[in-house]
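Student: Just so it is clear, I am handing over target.txt, which has compact mmCIF, C-alpha atoms and all ligand atoms.
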```
# COMPACT_ATOMS: atom_id res chain seq x y z
CA MET A 1 -101.76 -112.01 -103.84
CA THR A 2 -102.99 -110.55 -107.15
CA ARG A 3 -102.75 -112.97 -110.06
CA VAL A 4 -102.25 -111.53 -113.54
CA ASN A 5 -103.56 -113.02 -116.78
CA PRO A 6 -101.34 -111.62 -119.54
CA GLU A 7 -103.80 -112.95 -122.16
CA LEU A 8 -106.80 -111.05 -120.77
CA ALA A 9 -106.78 -108.19 -123.30
CA LYS A 10 -106.39 -110.71 -126.13
CA GLU A 11 -109.24 -112.81 -124.72
CA LEU A 12 -111.47 -109.72 -124.58
CA GLU A 13 -110.80 -109.06 -128.27
CA LYS A 14 -112.97 -112.09 -129.06
CA PHE A 15 -115.88 -110.23 -127.44
CA GLY A 16 -115.33 -106.98 -129.32
CA ALA A 17 -112.80 -105.14 -127.11
CA LYS A 18 -110.31 -104.42 -129.88
CA SER A 19 -108.95 -101.09 -128.68
CA ALA A 20 -108.07 -101.53 -124.98
CA THR A 21 -104.34 -101.27 -125.65
CA VAL A 22 -104.53 -97.83 -127.31
CA CYS A 23 -105.98 -96.21 -124.16
CA PHE A 24 -103.35 -94.08 -122.39
CA ASN A 25 -105.40 -93.65 -119.21
CA CYS A 26 -106.08 -89.93 -119.43
CA GLY A 27 -109.40 -90.37 -117.58
CA ASN A 28 -111.48 -88.15 -119.92
CA CYS A 29 -114.04 -90.94 -120.31
CA THR A 30 -114.57 -91.26 -116.56
CA ALA A 31 -114.84 -87.48 -116.23
CA VAL A 32 -117.61 -87.20 -118.83
CA CYS A 33 -119.53 -90.37 -117.93
CA PRO A 34 -122.83 -89.25 -116.37
CA LEU A 35 -123.20 -92.54 -114.48
CA SER A 36 -119.73 -92.72 -112.97
CA ASN A 37 -119.14 -91.46 -109.42
CA ASN A 38 -116.37 -91.37 -106.82
CA SER A 39 -117.23 -94.72 -105.23
CA THR A 40 -117.63 -96.52 -108.58
CA PRO A 41 -115.48 -94.71 -111.16
CA PHE A 42 -115.54 -96.10 -114.70
CA PRO A 43 -114.77 -96.80 -117.53
CA ARG A 44 -111.06 -95.92 -117.17
CA ARG A 45 -110.51 -98.29 -114.23
CA ILE A 46 -112.10 -101.23 -116.03
CA ILE A 47 -109.97 -100.56 -119.12
CA ARG A 48 -106.90 -100.47 -116.87
CA TYR A 49 -107.80 -103.92 -115.50
CA LEU A 50 -108.00 -105.20 -119.09
CA GLN A 51 -104.59 -103.75 -119.93
CA LEU A 52 -102.94 -105.13 -116.78
CA GLY A 53 -104.62 -108.55 -117.00
CA LEU A 54 -106.30 -108.20 -113.59
CA GLU A 55 -108.85 -110.89 -114.30
CA GLU A 56 -110.03 -111.57 -110.74
CA ARG A 57 -110.59 -107.89 -110.01
CA LEU A 58 -112.52 -107.53 -113.24
CA LEU A 59 -114.74 -110.49 -112.33
CA GLY A 60 -115.64 -108.93 -109.00
CA ARG A 61 -116.53 -105.49 -110.32
CA MET A 62 -120.08 -104.39 -110.94
CA GLU A 63 -119.18 -101.21 -112.89
CA PRO A 64 -119.57 -102.86 -116.34
CA TRP A 65 -123.25 -103.35 -115.42
CA LEU A 66 -123.59 -99.71 -114.35
CA CYS A 67 -122.74 -98.59 -117.87
CA TYR A 68 -125.84 -98.29 -120.06
CA TYR A 69 -123.84 -97.59 -123.20
CA CYS A 70 -124.93 -94.04 -123.90
CA GLY A 71 -121.67 -93.57 -125.84
CA GLU A 72 -120.77 -90.14 -124.40
CA CYS A 73 -117.31 -91.36 -123.33
CA SER A 74 -116.52 -92.69 -126.82
CA GLN A 75 -117.16 -89.26 -128.32
CA THR A 76 -114.55 -87.60 -126.10
CA CYS A 77 -111.77 -90.20 -126.09
CA PRO A 78 -108.63 -88.57 -127.59
CA ARG A 79 -107.30 -92.00 -128.60
CA GLN A 80 -110.49 -93.29 -130.28
CA ALA A 81 -110.33 -96.24 -127.90
CA ASP A 82 -114.13 -96.44 -127.90
CA PRO A 83 -114.49 -96.94 -124.12
CA GLY A 84 -118.26 -97.43 -124.43
CA GLU A 85 -117.73 -100.47 -126.66
CA LEU A 86 -114.95 -101.72 -124.35
CA MET A 87 -117.49 -101.71 -121.51
CA MET A 88 -119.99 -103.52 -123.73
CA ALA A 89 -117.40 -106.16 -124.64
CA THR A 90 -116.55 -106.56 -120.96
CA ARG A 91 -120.22 -107.26 -120.22
CA ARG A 92 -120.19 -109.98 -122.90
CA TYR A 93 -117.05 -111.46 -121.36
CA LEU A 94 -118.51 -111.35 -117.83
CA THR A 95 -121.69 -113.03 -119.07
CA THR A 96 -119.59 -115.95 -120.31
CA ARG A 97 -117.71 -116.13 -117.00
CA TYR A 98 -120.91 -116.21 -114.95
CA ASP A 99 -122.26 -119.01 -117.17
CA TRP A 100 -121.05 -122.40 -115.93
CA THR A 101 -122.27 -124.41 -118.96
CA GLY A 102 -119.81 -122.89 -121.46
CA LEU A 103 -122.63 -122.31 -123.97
CA SER A 104 -122.53 -118.54 -123.50
CA LYS A 105 -118.88 -118.41 -124.57
CA ARG A 106 -119.56 -120.51 -127.65
CA LEU A 107 -122.48 -118.30 -128.66
CA TYR A 108 -120.47 -115.10 -128.19
CA THR A 109 -117.32 -116.27 -129.93
CA SER A 110 -118.60 -118.43 -132.78
CA LYS A 111 -121.17 -117.33 -135.38
CA VAL A 112 -121.44 -120.95 -136.50
CA TRP A 113 -122.51 -122.02 -133.00
CA GLU A 114 -124.90 -119.11 -132.75
CA VAL A 115 -126.68 -119.85 -136.05
CA PHE A 116 -126.59 -123.61 -135.39
CA CYS A 117 -128.21 -123.32 -131.93
CA VAL A 118 -130.89 -120.90 -133.13
CA GLY A 119 -131.58 -123.14 -136.15
CA ILE A 120 -131.80 -126.32 -134.05
CA LEU A 121 -134.28 -124.77 -131.59
CA PHE A 122 -136.32 -123.20 -134.41
CA PHE A 123 -136.74 -126.44 -136.40
CA ALA A 124 -137.10 -128.63 -133.29
CA THR A 125 -140.02 -126.44 -132.15
CA LEU A 126 -141.66 -126.71 -135.59
CA ALA A 127 -141.18 -130.49 -135.49
CA VAL A 128 -142.80 -130.74 -132.03
CA ILE A 129 -145.77 -128.65 -133.21
CA TYR A 130 -146.09 -130.78 -136.36
CA LEU A 131 -146.15 -133.98 -134.29
CA PHE A 132 -148.36 -132.85 -131.40
CA HIS A 133 -150.77 -130.23 -132.75
CA GLY A 134 -154.49 -130.78 -132.32
CA PRO A 135 -157.12 -131.06 -135.08
CA ILE A 136 -156.91 -128.40 -137.82
CA VAL A 137 -160.36 -126.82 -138.06
CA THR A 138 -160.72 -124.84 -141.28
CA ASP A 139 -164.30 -123.49 -141.26
CA HIS A 140 -163.53 -121.19 -138.28
CA THR A 141 -160.38 -120.19 -136.39
CA LYS A 142 -160.01 -122.56 -133.43
CA LEU A 143 -156.56 -121.82 -132.04
CA GLU A 144 -157.10 -123.69 -128.79
CA THR A 145 -158.15 -126.76 -130.77
CA PHE A 146 -154.99 -126.54 -132.93
CA ALA A 147 -152.71 -125.79 -129.94
CA PRO A 148 -154.45 -127.26 -126.87
CA ALA A 149 -153.76 -125.09 -123.83
CA ASP A 150 -153.35 -128.14 -121.60
CA ILE A 151 -150.30 -129.12 -123.70
CA VAL A 152 -148.90 -125.65 -124.51
CA HIS A 153 -149.09 -124.27 -120.96
CA PRO A 154 -147.38 -127.11 -119.05
CA THR A 155 -144.69 -127.24 -121.75
CA GLY A 156 -144.22 -123.49 -121.35
CA TYR A 157 -143.87 -123.80 -117.58
CA VAL A 158 -141.27 -126.55 -117.81
CA PHE A 159 -139.37 -124.46 -120.39
CA GLY A 160 -139.59 -121.39 -118.12
CA ALA A 161 -138.37 -123.37 -115.10
CA VAL A 162 -135.34 -124.64 -117.06
CA LEU A 163 -134.49 -121.09 -118.19
CA ALA A 164 -134.91 -119.73 -114.65
CA PHE A 165 -132.60 -122.46 -113.33
CA PHE A 166 -129.81 -121.55 -115.76
CA LEU A 167 -130.21 -117.80 -115.31
CA LEU A 168 -130.41 -117.88 -111.51
CA SER A 169 -127.46 -120.27 -111.20
CA ASN A 170 -125.44 -117.80 -113.29
CA VAL A 171 -126.63 -114.94 -111.07
CA TYR A 172 -125.44 -116.97 -108.08
CA ARG A 173 -121.97 -117.20 -109.63
CA MET A 174 -122.00 -113.46 -110.26
CA HIS A 175 -122.84 -112.99 -106.58
CA LYS A 176 -119.84 -115.11 -105.57
CA PHE A 177 -117.45 -113.10 -107.76
CA ILE A 178 -118.71 -109.75 -106.41
CA MET A 179 -118.71 -110.78 -102.75
CA ARG A 180 -115.24 -112.31 -102.94
CA SER A 181 -113.56 -109.34 -104.58
CA GLY A 182 -111.46 -107.06 -102.37
CA GLU A 183 -112.27 -107.28 -98.68
CA ARG A 184 -114.09 -110.54 -97.83
CA VAL A 185 -117.71 -109.96 -96.88
CA ASN A 186 -120.10 -112.17 -94.94
CA ALA A 187 -123.43 -110.48 -95.43
CA PRO A 188 -126.20 -111.63 -93.06
CA LEU A 189 -129.28 -113.07 -94.75
CA SER A 190 -131.44 -110.27 -93.32
CA LEU A 191 -129.54 -107.75 -95.50
CA TYR A 192 -130.55 -109.62 -98.63
CA PHE A 193 -134.19 -109.26 -97.61
CA SER A 194 -134.00 -105.65 -96.48
CA GLU A 195 -132.32 -104.60 -99.75
CA LEU A 196 -134.77 -106.38 -102.05
CA GLY A 197 -136.28 -102.95 -102.81
CA THR A 198 -133.03 -101.97 -104.60
CA LEU A 199 -133.45 -104.94 -106.92
CA ALA A 200 -137.13 -104.21 -107.61
CA VAL A 201 -136.63 -100.46 -108.18
CA HIS A 202 -133.73 -100.86 -110.60
CA PHE A 203 -135.44 -103.65 -112.50
CA ALA A 204 -138.70 -101.73 -112.87
CA THR A 205 -137.36 -98.24 -113.56
CA GLN A 206 -133.87 -98.63 -115.10
CA ALA A 207 -133.41 -95.40 -113.16
CA LYS A 208 -129.66 -95.06 -113.70
CA LEU A 209 -130.12 -94.61 -117.45
CA ARG A 210 -132.12 -91.43 -116.82
CA LEU A 211 -128.84 -89.79 -115.76
CA CYS A 212 -127.58 -89.93 -119.35
CA THR A 213 -127.70 -86.67 -121.28
CA ASN A 214 -129.82 -88.13 -124.08
CA LYS A 215 -133.09 -89.03 -122.30
CA SER A 216 -134.46 -90.85 -125.35
CA PHE A 217 -132.12 -93.77 -124.50
CA TRP A 218 -133.95 -94.28 -121.23
CA ILE A 219 -137.41 -94.03 -122.84
CA LYS A 220 -136.55 -96.59 -125.54
CA HIS A 221 -134.89 -98.92 -123.05
CA TRP A 222 -137.80 -98.68 -120.63
CA LEU A 223 -140.36 -99.28 -123.40
CA LEU A 224 -138.56 -102.46 -124.40
CA MET A 225 -138.14 -103.66 -120.83
CA SER A 226 -141.71 -102.84 -119.74
CA GLY A 227 -143.16 -104.33 -122.95
CA TYR A 228 -141.26 -107.55 -122.40
CA THR A 229 -142.23 -107.71 -118.71
CA ALA A 230 -145.91 -107.11 -119.58
CA ALA A 231 -145.81 -109.87 -122.23
CA PHE A 232 -144.09 -112.23 -119.79
CA ILE A 233 -146.76 -111.63 -117.13
CA LEU A 234 -149.59 -112.02 -119.65
CA VAL A 235 -148.27 -115.34 -120.93
CA ASN A 236 -148.16 -116.61 -117.35
CA VAL A 237 -151.61 -115.39 -116.26
CA ASP A 238 -153.01 -116.99 -119.40
CA LEU A 239 -153.01 -120.32 -117.56
CA VAL A 240 -155.61 -118.97 -115.15
CA THR A 241 -157.62 -116.56 -117.27
CA ARG A 242 -157.42 -118.36 -120.61
CA TRP A 243 -157.62 -115.05 -122.45
CA SER A 244 -155.10 -115.86 -125.18
CA LEU A 245 -155.18 -119.47 -126.34
CA THR A 246 -158.91 -119.65 -126.66
CA ASP A 247 -161.40 -120.43 -129.40
CA SER A 248 -163.49 -117.40 -128.41
CA PRO A 249 -161.09 -114.45 -127.99
CA PRO A 250 -162.12 -111.72 -125.52
CA PRO A 251 -163.21 -108.26 -126.80
CA ALA A 252 -160.67 -105.52 -127.62
CA TRP A 253 -161.32 -103.67 -124.34
CA HIS A 254 -160.36 -106.70 -122.21
CA PRO A 255 -157.54 -105.51 -119.85
CA ALA A 256 -155.25 -108.32 -120.95
CA LYS A 257 -155.72 -107.37 -124.61
CA ILE A 258 -155.05 -103.69 -123.90
CA LEU A 259 -151.85 -104.60 -122.05
CA TRP A 260 -150.86 -107.00 -124.85
CA THR A 261 -151.35 -104.21 -127.40
CA TYR A 262 -149.10 -101.95 -125.31
CA ALA A 263 -146.42 -104.66 -125.06
CA THR A 264 -146.53 -105.27 -128.82
CA ILE A 265 -146.30 -101.58 -129.77
CA ALA A 266 -143.56 -100.86 -127.19
CA MET A 267 -141.35 -103.77 -128.26
CA LEU A 268 -141.89 -103.28 -132.00
CA TYR A 269 -141.11 -99.57 -131.73
CA ALA A 270 -137.96 -100.04 -129.60
CA THR A 271 -136.54 -102.88 -131.73
CA THR A 272 -137.31 -101.13 -135.04
CA VAL A 273 -135.55 -97.96 -133.84
CA ALA A 274 -132.57 -100.04 -132.67
CA ILE A 275 -132.34 -101.90 -136.01
CA ILE A 276 -132.47 -98.63 -137.99
CA GLY A 277 -129.85 -97.11 -135.67
CA ARG A 278 -127.49 -100.05 -136.18
CA LEU A 279 -127.95 -99.89 -139.96
CA ARG A 280 -127.27 -96.14 -140.08
CA LYS A 281 -124.38 -96.26 -137.55
CA ARG A 282 -124.69 -92.55 -136.78
CA GLU A 283 -124.59 -92.79 -132.97
CA PRO A 284 -121.49 -94.13 -131.17
CA ILE A 285 -123.56 -96.91 -129.58
CA HIS A 286 -124.57 -98.19 -133.02
CA LYS A 287 -121.19 -97.98 -134.74
CA TYR A 288 -120.14 -101.51 -133.84
CA SER A 289 -122.63 -104.41 -133.81
CA HIS A 290 -121.68 -107.83 -132.54
CA SER A 291 -123.41 -110.76 -134.27
CA THR A 292 -125.33 -111.45 -131.04
CA ASP A 293 -126.76 -107.89 -131.14
CA TRP A 294 -128.22 -108.63 -134.57
CA MET A 295 -129.46 -112.08 -133.63
CA PHE A 296 -131.24 -110.66 -130.58
CA LEU A 297 -132.92 -107.84 -132.50
CA ILE A 298 -133.96 -110.04 -135.44
CA LEU A 299 -135.41 -112.78 -133.21
CA LEU A 300 -137.23 -110.29 -131.00
CA TRP A 301 -138.64 -108.25 -133.88
CA PHE A 302 -139.96 -111.29 -135.75
CA THR A 303 -141.31 -112.92 -132.57
CA VAL A 304 -143.33 -109.79 -131.73
CA PHE A 305 -144.40 -109.25 -135.34
CA THR A 306 -145.62 -112.84 -135.83
CA GLY A 307 -147.48 -112.54 -132.49
CA LEU A 308 -149.22 -109.45 -133.87
CA LEU A 309 -150.04 -111.26 -137.13
CA VAL A 310 -151.65 -114.12 -135.16
CA ARG A 311 -153.97 -111.61 -133.45
CA ILE A 312 -154.86 -109.98 -136.79
CA PHE A 313 -155.55 -113.32 -138.52
CA MET A 314 -157.68 -114.42 -135.56
CA GLN A 315 -159.64 -111.19 -135.71
CA PHE A 316 -160.41 -111.73 -139.40
CA ASP A 317 -161.17 -115.41 -138.77
CA LEU A 318 -158.46 -116.78 -141.10
CA PRO A 319 -157.83 -120.30 -139.73
CA LEU A 320 -154.80 -121.55 -141.67
CA PRO A 321 -152.78 -118.29 -141.60
CA THR A 322 -153.48 -118.17 -137.82
CA TYR A 323 -152.21 -121.71 -137.18
CA TYR A 324 -149.13 -121.47 -139.40
CA THR A 325 -148.13 -118.06 -138.09
CA PHE A 326 -148.64 -119.23 -134.50
CA ALA A 327 -146.29 -122.17 -135.19
CA VAL A 328 -143.62 -119.82 -136.60
CA HIS A 329 -144.18 -117.42 -133.66
CA LEU A 330 -143.43 -120.21 -131.17
CA ALA A 331 -140.47 -121.44 -133.23
CA LEU A 332 -138.95 -117.94 -133.00
CA ALA A 333 -139.85 -117.41 -129.33
CA VAL A 334 -138.11 -120.61 -128.20
CA PRO A 335 -134.56 -119.68 -129.38
CA LEU A 336 -135.16 -116.06 -128.35
CA LEU A 337 -135.99 -117.03 -124.78
CA GLY A 338 -133.92 -120.20 -124.59
CA LEU A 339 -130.64 -118.63 -125.72
CA GLU A 340 -130.87 -114.87 -125.22
CA VAL A 341 -132.25 -114.82 -121.67
CA PRO A 342 -129.87 -117.14 -119.80
CA PHE A 343 -126.80 -117.10 -122.09
CA THR A 344 -126.39 -113.93 -124.16
CA LYS A 345 -127.74 -110.45 -124.77
CA TRP A 346 -130.92 -110.44 -122.71
CA SER A 347 -129.31 -111.76 -119.55
CA HIS A 348 -128.37 -108.16 -118.75
CA LEU A 349 -132.02 -107.66 -117.82
CA ALA A 350 -131.17 -109.68 -114.69
CA TYR A 351 -127.45 -108.92 -114.28
CA ARG A 352 -127.86 -105.12 -114.14
CA PRO A 353 -130.33 -104.91 -111.24
CA PHE A 354 -128.68 -107.85 -109.46
CA ALA A 355 -125.25 -106.16 -109.68
CA LEU A 356 -126.66 -103.04 -108.05
CA TYR A 357 -128.43 -105.15 -105.44
CA PHE A 358 -125.34 -107.21 -104.54
CA GLU A 359 -123.19 -104.12 -104.39
CA ARG A 360 -125.66 -102.45 -102.03
CA VAL A 361 -125.73 -105.57 -99.81
CA ARG A 362 -121.94 -105.62 -99.87
CA GLU A 363 -121.68 -101.95 -98.89
CA ARG A 364 -124.10 -102.38 -95.99
CA ALA A 365 -122.33 -105.56 -94.82
CA LEU A 366 -118.97 -103.75 -94.85
CA GLN A 367 -120.47 -100.94 -92.76
CA LEU A 368 -121.68 -103.53 -90.23
CA GLN A 369 -118.23 -105.14 -90.15
CA GLN A 370 -116.54 -101.83 -89.23
CA PRO A 371 -115.46 -101.82 -85.54
CA PRO A 372 -117.42 -99.20 -83.55
CA GLN A 373 -115.60 -95.84 -83.18
CA GLU A 374 -114.25 -95.22 -79.71
CA GLU A 375 -115.92 -92.30 -78.00
CA GLU A 376 -113.68 -89.31 -77.26
CA ALA A 377 -112.86 -88.80 -73.60
S1 LIG B 1 -110.44 -94.73 -123.03
FE1 LIG B 1 -109.80 -92.82 -124.02
S2 LIG B 1 -110.67 -91.22 -122.66
FE2 LIG B 1 -110.68 -93.12 -121.49
S3 LIG B 1 -108.78 -93.12 -120.33
FE3 LIG B 1 -108.42 -94.23 -122.27
S4 LIG B 1 -107.60 -92.74 -123.67
FE4 LIG B 1 -108.57 -91.59 -122.00
S1 LIG B 2 -121.07 -95.54 -122.53
FE1 LIG B 2 -122.06 -93.93 -121.29
S2 LIG B 2 -122.55 -94.96 -119.36
FE2 LIG B 2 -121.07 -96.25 -120.42
S3 LIG B 2 -119.08 -95.63 -119.62
FE3 LIG B 2 -119.44 -94.44 -121.49
S4 LIG B 2 -120.38 -92.52 -120.80
FE4 LIG B 2 -120.53 -94.01 -119.12
```
So, in terms of C-alpha cells, how does the structure I just supplied come out?
Tutor:
Amino acid sequence: MTRVNPELAKELEKFGAKSATVCFNCGNCTAVCPLSNNSTPFPRRIIRYLQLGLEERLLGRMEPWLCYYCGECSQTCPRQADPGELMMATRRYLTTRYDWTGLSKRLYTSKVWEVFCVGILFFATLAVIYLFHGPIVTDHTKLETFAPADIVHPTGYVFGAVLAFFLLSNVYRMHKFIMRSGERVNAPLSLYFSELGTLAVHFATQAKLRLCTNKSFWIKHWLLMSGYTAAFILVNVDLVTRWSLTDSPPPAWHPAKILWTYATIAMLYATTVAIIGRLRKREPIHKYSHSTDWMFLILLWFTVFTGLLVRIFMQFDLPLPTYYTFAVHLALAVPLLGLEVPFTKWSHLAYRPFALYFERVRERALQLQQPPQEEEA
C-alpha cells in the first residue's frame, strides 16, 4: 500500500523547493538532462513525487544524488519551476531524513541554529587551545611546542572517529531506504564486496559530472574534491611522518608539502570561483543560495586561507602570528568538519558515490533473484 503525505511539498519548501507545484509535468527537464537515462529518469519523476506526497518512494530513490546541479533543466523549463533547485532542495531534505540525530534538520531549517552551532564549536575550540596549549616560544617559531603533536593528533583521531560514526550511521539509513523501496531485495554480502569498485571510482572521479555540457563544472568539482581528499590524507599521515606539526618544517620539495600546496590552491580556487558565482548569480546554479551553501563556502575558504597563512608565517619565522593563526585555523576547521561533513552540505561527498554503489548492488541482486528462463523445446 502506498502512503501519501499531503504535507510533503510544503515540508520541502523549508529546504528551498518553492516551485514544485507550478510544474505541469511536461518532461522537458528530463529530456534535456545529460545525466538522466531510461532506467533512472529525472528530475520530472522526483518532482511528481513531491507533488503527490509520495514520501516513501522519494526516500528510496537515488536520482537526487545523480543530479550534479548543472542547471541545464532550469534553463529550459517553460514554467520557471527551477527543477535543478528542486533537486538540490530534495537532497537537503533527504540528508535530514538519513540523519537520525535531528541536528541536520535543525541546521537546514533554522539560521539561528546554524549560526549558534558554528559559533559554539568555534569558541569552544579556541577555549580548549587557550587552556591546553604548550609554552609560547617567541624567539623562534616552535609550532610543535605551542601545539604538542601528542595532544593534537589523538584529539584529531577521536574527533574523526566521532564524525565517521555519525556519517556512516546515516549512510546505513540511506542504504535501508534504498533497499526497501519497490521490490524487496536481499543482496548477498559478496555483492557488496564485488561492487566496491563502483564506490571507489565514483568517489575518486565524479565521473557522472563529466556528462554535463559545461565541462568546467566537473573540473571545479574535482579540484575541490581532490584537494579536500589530499588534505585529509596528509593530516592523517602526519601522525607517522610528523611533516606538519614540527618545529623544523621540511623543505619546499618534500612530497607532503607539494601535495599540500596542490590541495590549498585547488580548494582556494574552487571556493573563490563558487563564492563569486553566487554573488553574481549569472548561472542558474548560483541564482538561489541557501544559508548552508554560504556557511559551507565561508568556513571552507577561511579554513584553507588561514592554513596557508600559517605556512607563510612559519616560513618567515613569525612566532606569534603563526600560533594565533593556527588557533583560528583549528577553530574554523572544527565546525567545518563537525557540522558540514556528517550533517549538511559536505555529506554529499559520501551520499553521491554510496547512492550509486547501493543502486548497483540492488540491480545485481534483483538480477540474481530473477527465476532462470525456461529453455525452449
Ligand atoms: S519542471 Fe518544468 S520542464 Fe520539468 S516537467 Fe515540470 S514544467 Fe516541465
Ligand atoms: S541540474 Fe543538471 S543534472 Fe540536475 S536534473 Fe537538471 S539537468 Fe539534470
Student: Find the residue from A:His153, A:Arg45, A:Arg57, A:Arg278 that sits nearest to Phe24 of chain A; use only C-alpha atoms when measuring.
Tutor: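 With only C-alpha atoms as the atom set, the closest residue is A:Arg45.
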Student: Nearest residue to ligand LIG 2 (chain B) out of A:Phe122, A:Phe159, A:Phe217, A:Tyr172, using all atoms listed in the file?
Tutor: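 Among the listed residues, A:Phe217 lies closest to ligand LIG 2 (chain B).
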Student: When distances are computed from all atoms listed in the file, which of A:Trp222, A:Tyr98, A:Phe146, A:Trp65 shows the smallest separation from Leu131 of chain A?
Tutor: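 Answer, going by the shortest atom-to-atom distance: A:Phe146.
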Student: Which one of A:Tyr49, A:Tyr69, A:Phe316, A:Trp294 sits closest to ligand LIG 2 (chain B) if you count all atoms listed in the file?
Tutor: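 Closest candidate: A:Tyr69.
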Student: Kindly give the distance, in Å, that separates atom CA of Cys73 of chain A and atom S3 of ligand LIG 2 (chain B), rounded to a single decimal.
Tutor: 5.9 Å
Student: In Å, with one decimal, what is the gap from atom CA of Glu183 of chain A to atom CA of Leu52 of chain A?
Tutor: 20.5 Å
Student: Enumerate residues in contact with ligand LIG 1 (chain B): an atom-to-atom distance of at most 7 Å, counting only C-alpha atoms and all ligand atoms. Format the result as a list in words.
Tutor: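 Counting only what the definition allows, namely only C-alpha atoms and all ligand atoms, the set is Val22, Cys23, Phe24, Asn25, Cys26, Gly27, Asn28, Cys29, Thr30, Pro43, Arg44, Cys73, Thr76, Cys77, Pro78, Arg79, Gln80, Ala81, Asp82 and Pro83 of chain A.
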Student: Extending 8 Å beyond the listed atoms of ligand LIG 2 (chain B) on each side, what axis-aligned box results? I want centre and edge lengths in Å to one decimal, as JSON.
Tutor:
```
{"center_x": -120.8, "center_y": -94.4, "center_z": -120.8, "size_x": 19.5, "size_y": 19.7, "size_z": 19.4}
```
Student: Go through chain A and flag each residue having an atom no more than 10 Å from ligand LIG 2 (chain B); for those, report the closest pair of atoms plus their distance in Å to one decimal, using only C-alpha atoms and all ligand atoms, ordered by chain and rising number, as a Markdown table.
Tutor:
```
| residue | atom | partner | partner_atom | distance |
| --- | --- | --- | --- | --- |
| A:Asn28 | CA | B:LIG2 | S4 | 10.0 |
| A:Cys29 | CA | B:LIG2 | FE3 | 6.5 |
| A:Thr30 | CA | B:LIG2 | S3 | 7.0 |
| A:Ala31 | CA | B:LIG2 | S4 | 8.8 |
| A:Val32 | CA | B:LIG2 | S4 | 6.3 |
| A:Cys33 | CA | B:LIG2 | S4 | 3.7 |
| A:Pro34 | CA | B:LIG2 | FE4 | 6.0 |
| A:Leu35 | CA | B:LIG2 | S2 | 5.5 |
| A:Ser36 | CA | B:LIG2 | FE4 | 6.3 |
| A:Pro41 | CA | B:LIG2 | S3 | 9.2 |
| A:Phe42 | CA | B:LIG2 | S3 | 6.1 |
| A:Pro43 | CA | B:LIG2 | S3 | 4.9 |
| A:Arg44 | CA | B:LIG2 | S3 | 8.4 |
| A:Ile46 | CA | B:LIG2 | S3 | 9.6 |
| A:Glu63 | CA | B:LIG2 | S3 | 8.7 |
| A:Pro64 | CA | B:LIG2 | FE2 | 7.9 |
| A:Trp65 | CA | B:LIG2 | FE2 | 9.0 |
| A:Leu66 | CA | B:LIG2 | S2 | 7.0 |
| A:Cys67 | CA | B:LIG2 | FE2 | 3.8 |
| A:Tyr68 | CA | B:LIG2 | S2 | 4.7 |
| A:Tyr69 | CA | B:LIG2 | S1 | 3.5 |
| A:Cys70 | CA | B:LIG2 | FE1 | 3.9 |
| A:Gly71 | CA | B:LIG2 | S1 | 3.9 |
| A:Glu72 | CA | B:LIG2 | S4 | 4.3 |
| A:Cys73 | CA | B:LIG2 | S4 | 4.1 |
| A:Ser74 | CA | B:LIG2 | FE3 | 6.3 |
| A:Gln75 | CA | B:LIG2 | S4 | 8.8 |
| A:Thr76 | CA | B:LIG2 | S4 | 9.3 |
| A:Cys77 | CA | B:LIG2 | FE3 | 9.9 |
| A:Asp82 | CA | B:LIG2 | FE3 | 8.6 |
| A:Pro83 | CA | B:LIG2 | FE3 | 6.1 |
| A:Gly84 | CA | B:LIG2 | S1 | 3.9 |
| A:Glu85 | CA | B:LIG2 | S1 | 7.2 |
| A:Leu86 | CA | B:LIG2 | S3 | 8.7 |
| A:Met87 | CA | B:LIG2 | S3 | 6.6 |
| A:Met88 | CA | B:LIG2 | FE2 | 8.1 |
| A:Lys208 | CA | B:LIG2 | S2 | 9.1 |
| A:Leu209 | CA | B:LIG2 | S2 | 7.8 |
| A:Leu211 | CA | B:LIG2 | S2 | 8.9 |
| A:Cys212 | CA | B:LIG2 | FE1 | 7.1 |
| A:Thr213 | CA | B:LIG2 | FE1 | 9.2 |
| A:Pro284 | CA | B:LIG2 | S1 | 8.8 |
| A:Ile285 | CA | B:LIG2 | S1 | 7.6 |
```
Student: Mind writing the picked residues with C-alpha atoms as a compact mmCIF listing (two decimals), in the coordinates of the input?
Tutor:
```txt
# COMPACT_ATOMS: atom_id res chain seq x y z
CA ASN A 28 -111.48 -88.15 -119.92
CA CYS A 29 -114.04 -90.94 -120.31
CA THR A 30 -114.57 -91.26 -116.56
CA ALA A 31 -114.84 -87.48 -116.23
CA VAL A 32 -117.61 -87.20 -118.83
CA CYS A 33 -119.53 -90.37 -117.93
CA PRO A 34 -122.83 -89.25 -116.37
CA LEU A 35 -123.20 -92.54 -114.48
CA SER A 36 -119.73 -92.72 -112.97
CA PRO A 41 -115.48 -94.71 -111.16
CA PHE A 42 -115.54 -96.10 -114.70
CA PRO A 43 -114.77 -96.80 -117.53
CA ARG A 44 -111.06 -95.92 -117.17
CA ILE A 46 -112.10 -101.23 -116.03
CA GLU A 63 -119.18 -101.21 -112.89
CA PRO A 64 -119.57 -102.86 -116.34
CA TRP A 65 -123.25 -103.35 -115.42
CA LEU A 66 -123.59 -99.71 -114.35
CA CYS A 67 -122.74 -98.59 -117.87
CA TYR A 68 -125.84 -98.29 -120.06
CA TYR A 69 -123.84 -97.59 -123.20
CA CYS A 70 -124.93 -94.04 -123.90
CA GLY A 71 -121.67 -93.57 -125.84
CA GLU A 72 -120.77 -90.14 -124.40
CA CYS A 73 -117.31 -91.36 -123.33
CA SER A 74 -116.52 -92.69 -126.82
CA GLN A 75 -117.16 -89.26 -128.32
CA THR A 76 -114.55 -87.60 -126.10
CA CYS A 77 -111.77 -90.20 -126.09
CA ASP A 82 -114.13 -96.44 -127.90
CA PRO A 83 -114.49 -96.94 -124.12
CA GLY A 84 -118.26 -97.43 -124.43
CA GLU A 85 -117.73 -100.47 -126.66
CA LEU A 86 -114.95 -101.72 -124.35
CA MET A 87 -117.49 -101.71 -121.51
CA MET A 88 -119.99 -103.52 -123.73
CA LYS A 208 -129.66 -95.06 -113.70
CA LEU A 209 -130.12 -94.61 -117.45
CA LEU A 211 -128.84 -89.79 -115.76
CA CYS A 212 -127.58 -89.93 -119.35
CA THR A 213 -127.70 -86.67 -121.28
CA PRO A 284 -121.49 -94.13 -131.17
CA ILE A 285 -123.56 -96.91 -129.58
```
Student: In Å to one decimal, how far is atom CA of Leu94 of chain A from atom CA of Gly53 of chain A?
Tutor: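 So the answer is 14.2 Å.
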